[in-house]
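Student: Below is the structure I would like to discuss, written out as structure tokens.
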Amino acid sequence: MKKAIVRKVHKIDASSKTMGRLATSIALILRGKNKADFQPHLDLGDTVEVSNIDKLKFTGKKLEQKTYYKHSGYPSGIRKTKMGDLNKTNPALILKKAVRSMLPTVKFRDNMLKRLIIK
């Protein structure tokens with residue numbers, strides 16, 4: 001007989017926390033590695049709610065130097081966005097991209113990301 005998955009809600013305040021360290025702790029909770037019955041092939045993670053995302057702290061010169069790239073698929077279709085510009089318009093996207101890259105590339109990665117709620 002199968003056990004039901006019990007998902008808790010973890011509320012995290014992002015004010016004055018470093019982006020990378022916050023993203024690693026979120027990825028750990030979304031994956032379910034903080035539970036005793038963790039299995040890598042199952043999605044046993046919890047839900048994470050992050051608040052005060054606009055008060056997130058960045059170390060070094062990341063806001064001026066880090067660049068995000070995306071490509072449309074057409075010739076010369078590359079688009080660049082500086083982290084500082086993205087932080088002004090949509091700071092939640094920076095955290096979401098960081099957490100997504102820290103999760104394993106498995107079929108249920110998108111389901112794990114759906115449980116990340118950024119306010």
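Starting from 1 in every chain, residues are counted up; chains themselves are A, B, ... following the order of the structure tokens, and ligands are numbered from 1 as listed.
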Would you list, as a ChimeraX atom specification, the residues of stretch 1-115 of chain A that end up in alpha helix (DSSP H) under DSSP run on this structure's backbone?
Tutor: /A:19-31,62-65,83-89,91-102,109-114
Student: Keeping only N, CA and C atoms, write the selected residues to a file as a CSV table (one decimal), in the first residue's frame.
Tutor:
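Contents of again.csv, freshly written:
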```
chain,number,residue,atom,x,y,z
A,19,MET,N,21.5,35.8,-2.4
A,19,MET,CA,20.7,35.1,-3.4
A,19,MET,C,21.1,33.7,-3.5
A,20,GLY,N,22.4,33.4,-3.6
A,20,GLY,CA,22.8,32.0,-3.9
A,20,GLY,C,22.5,31.1,-2.7
A,21,ARG,N,22.8,31.6,-1.5
A,21,ARG,CA,22.5,30.7,-0.3
A,21,ARG,C,21.1,30.5,-0.1
A,22,LEU,N,20.2,31.5,-0.4
A,22,LEU,CA,18.8,31.3,-0.3
A,22,LEU,C,18.3,30.3,-1.4
A,23,ALA,N,18.9,30.4,-2.6
A,23,ALA,CA,18.5,29.5,-3.7
A,23,ALA,C,18.8,28.0,-3.3
A,24,THR,N,20.0,27.8,-2.7
A,24,THR,CA,20.3,26.4,-2.4
A,24,THR,C,19.4,25.9,-1.3
A,25,SER,N,19.0,26.7,-0.3
A,25,SER,CA,18.1,26.2,0.7
A,25,SER,C,16.7,25.9,0.1
A,26,ILE,N,16.3,26.7,-0.8
A,26,ILE,CA,15.0,26.5,-1.4
A,26,ILE,C,15.0,25.2,-2.3
A,27,ALA,N,16.1,25.0,-3.1
A,27,ALA,CA,16.2,23.9,-3.9
A,27,ALA,C,16.2,22.6,-3.1
A,28,LEU,N,16.9,22.6,-1.9
A,28,LEU,CA,16.9,21.5,-1.0
A,28,LEU,C,15.5,21.1,-0.5
A,29,ILE,N,14.7,22.1,-0.2
A,29,ILE,CA,13.4,21.9,0.3
A,29,ILE,C,12.4,21.4,-0.8
A,30,LEU,N,12.6,22.0,-2.0
A,30,LEU,CA,11.7,21.6,-3.1
A,30,LEU,C,12.0,20.2,-3.5
A,31,ARG,N,13.3,19.8,-3.4
A,31,ARG,CA,13.6,18.4,-3.8
A,31,ARG,C,13.2,17.4,-2.8
A,62,LYS,N,27.9,41.5,-9.2
A,62,LYS,CA,27.0,40.6,-10.0
A,62,LYS,C,26.0,41.5,-10.7
A,63,LEU,N,25.5,42.5,-10.1
A,63,LEU,CA,24.4,43.4,-10.7
A,63,LEU,C,24.9,44.1,-12.0
A,64,GLU,N,26.2,44.4,-12.0
A,64,GLU,CA,26.8,45.0,-13.2
A,64,GLU,C,27.4,44.1,-14.2
A,65,GLN,N,27.9,42.9,-13.7
A,65,GLN,CA,28.7,42.0,-14.6
A,65,GLN,C,27.9,40.8,-15.1
A,83,MET,N,21.9,41.5,-15.0
A,83,MET,CA,21.2,41.2,-13.8
A,83,MET,C,20.6,42.4,-13.1
A,84,GLY,N,21.3,43.5,-13.2
A,84,GLY,CA,20.8,44.8,-12.6
A,84,GLY,C,19.5,45.2,-13.2
A,85,ASP,N,19.4,45.1,-14.5
A,85,ASP,CA,18.2,45.5,-15.2
A,85,ASP,C,17.0,44.6,-14.8
A,86,LEU,N,17.4,43.3,-14.8
A,86,LEU,CA,16.3,42.3,-14.4
A,86,LEU,C,15.9,42.5,-13.0
A,87,ASN,N,16.8,42.9,-12.1
A,87,ASN,CA,16.5,43.1,-10.7
A,87,ASN,C,15.5,44.3,-10.5
A,88,LYS,N,15.6,45.3,-11.4
A,88,LYS,CA,14.7,46.4,-11.3
A,88,LYS,C,13.3,46.1,-11.8
A,89,THR,N,13.3,45.3,-12.9
A,89,THR,CA,12.0,45.0,-13.5
A,89,THR,C,11.3,43.7,-12.8
A,91,PRO,N,12.6,41.0,-10.0
A,91,PRO,CA,13.6,40.3,-9.1
A,91,PRO,C,13.2,38.9,-8.8
A,92,ALA,N,12.0,38.5,-9.0
A,92,ALA,CA,11.6,37.1,-8.7
A,92,ALA,C,12.1,36.2,-9.8
A,93,LEU,N,12.3,36.7,-11.0
A,93,LEU,CA,12.8,35.8,-12.1
A,93,LEU,C,14.3,35.4,-11.8
A,94,ILE,N,15.1,36.3,-11.2
A,94,ILE,CA,16.5,36.0,-10.8
A,94,ILE,C,16.5,34.8,-9.9
A,95,LEU,N,15.7,34.8,-8.9
A,95,LEU,CA,15.7,33.7,-7.9
A,95,LEU,C,15.2,32.4,-8.5
A,96,LYS,N,14.1,32.6,-9.4
A,96,LYS,CA,13.6,31.4,-10.0
A,96,LYS,C,14.6,30.7,-11.0
A,97,LYS,N,15.4,31.5,-11.7
A,97,LYS,CA,16.4,31.0,-12.6
A,97,LYS,C,17.5,30.3,-11.8
A,98,ALA,N,17.9,30.9,-10.6
A,98,ALA,CA,18.9,30.3,-9.8
A,98,ALA,C,18.4,28.9,-9.2
A,99,VAL,N,17.2,28.9,-8.7
A,99,VAL,CA,16.7,27.7,-8.2
A,99,VAL,C,16.5,26.6,-9.2
A,100,ARG,N,16.1,27.0,-10.4
A,100,ARG,CA,15.9,26.0,-11.5
A,100,ARG,C,17.2,25.4,-11.9
A,101,SER,N,18.3,26.1,-11.9
A,101,SER,CA,19.6,25.6,-12.3
A,101,SER,C,20.1,24.7,-11.2
A,102,MET,N,19.7,24.8,-10.0
A,102,MET,CA,20.1,24.0,-8.9
A,102,MET,C,19.4,22.7,-8.8
A,109,ARG,N,11.0,18.2,-12.7
A,109,ARG,CA,11.6,19.5,-12.3
A,109,ARG,C,10.6,20.6,-12.4
A,110,ASP,N,9.8,20.6,-13.4
A,110,ASP,CA,8.8,21.7,-13.6
A,110,ASP,C,7.7,21.6,-12.5
A,111,ASN,N,7.4,20.4,-12.0
A,111,ASN,CA,6.4,20.3,-10.9
A,111,ASN,C,7.0,20.8,-9.6
A,112,MET,N,8.3,20.6,-9.4
A,112,MET,CA,9.0,21.1,-8.2
A,112,MET,C,9.0,22.7,-8.3
A,113,LEU,N,9.2,23.3,-9.5
A,113,LEU,CA,9.2,24.7,-9.6
A,113,LEU,C,7.9,25.3,-9.4
A,114,LYS,N,6.8,24.6,-9.7
A,114,LYS,CA,5.5,25.1,-9.5
A,114,LYS,C,5.2,25.3,-8.0
```
Student: Considering only C-alpha atoms, return as a PyMOL selection string whatever protein or nucleic-acid residues lie within 7 Å of stretch 51-56 of chain A, sequence-local ones (same chain, fewer than 5 positions apart) excluded.
Tutor: chain A and resi 12-19+91-92+118-119
Student: Can those selected residues be exported to a file as a CSV table (one decimal), in the first residue's frame so that it contains N, CA and C atoms?
Tutor:
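The result, stored in part-v3.csv:
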```csv
chain,number,residue,atom,x,y,z
A,12,ILE,N,9.7,31.7,3.9
A,12,ILE,CA,11.0,32.2,4.0
A,12,ILE,C,11.0,33.7,3.7
A,13,ASP,N,11.6,34.5,4.6
A,13,ASP,CA,11.8,35.9,4.4
A,13,ASP,C,13.1,36.2,3.8
A,14,ALA,N,13.1,36.8,2.6
A,14,ALA,CA,14.3,36.9,1.8
A,14,ALA,C,15.1,38.2,2.1
A,15,SER,N,14.6,39.0,3.0
A,15,SER,CA,15.2,40.3,3.3
A,15,SER,C,16.6,40.1,3.9
A,16,SER,N,17.6,40.8,3.4
A,16,SER,CA,19.0,40.8,3.7
A,16,SER,C,19.6,39.3,3.7
A,17,LYS,N,19.2,38.5,2.8
A,17,LYS,CA,19.8,37.2,2.6
A,17,LYS,C,20.5,37.2,1.2
A,18,THR,N,21.5,36.4,1.1
A,18,THR,CA,22.3,36.3,-0.1
A,18,THR,C,21.5,35.4,-1.1
A,19,MET,N,21.5,35.8,-2.4
A,19,MET,CA,20.7,35.1,-3.4
A,19,MET,C,21.1,33.7,-3.5
A,91,PRO,N,12.6,41.0,-10.0
A,91,PRO,CA,13.6,40.3,-9.1
A,91,PRO,C,13.2,38.9,-8.8
A,92,ALA,N,12.0,38.5,-9.0
A,92,ALA,CA,11.6,37.1,-8.7
A,92,ALA,C,12.1,36.2,-9.8
A,118,ILE,N,6.6,32.9,-5.1
A,118,ILE,CA,7.4,34.2,-4.8
A,118,ILE,C,6.4,35.3,-4.7
A,119,LYS,N,6.4,36.0,-3.5
A,119,LYS,CA,5.4,37.1,-3.3
A,119,LYS,C,6.2,38.4,-3.4
```
Student: Quick one: residues within 9 Å of A:Val6, only C-alpha atoms counted, chain neighbours fewer than 6 positions away excluded, as a short mmCIF file (atom, residue, chain, number, x, y, z; two decimals) with C-alpha atoms, in the first residue's frame?
Tutor:
```cif
data_model
loop_
_atom_site.label_atom_id
_atom_site.label_comp_id
_atom_site.auth_asym_id
_atom_site.auth_seq_id
_atom_site.Cartn_x
_atom_site.Cartn_y
_atom_site.Cartn_z
CA LEU A 44 8.58 14.29 -2.15
CA GLY A 45 9.41 17.98 -1.71
CA ASP A 46 7.47 20.66 0.11
#
```
Student: Give the strand (DSSP E or B) residues of stretch 15-52 of chain A, as assigned by DSSP on the backbone, as a list in words.
Tutor: Thr18, Thr47, Val48, Glu49, Val50 and Ser51 of chain A
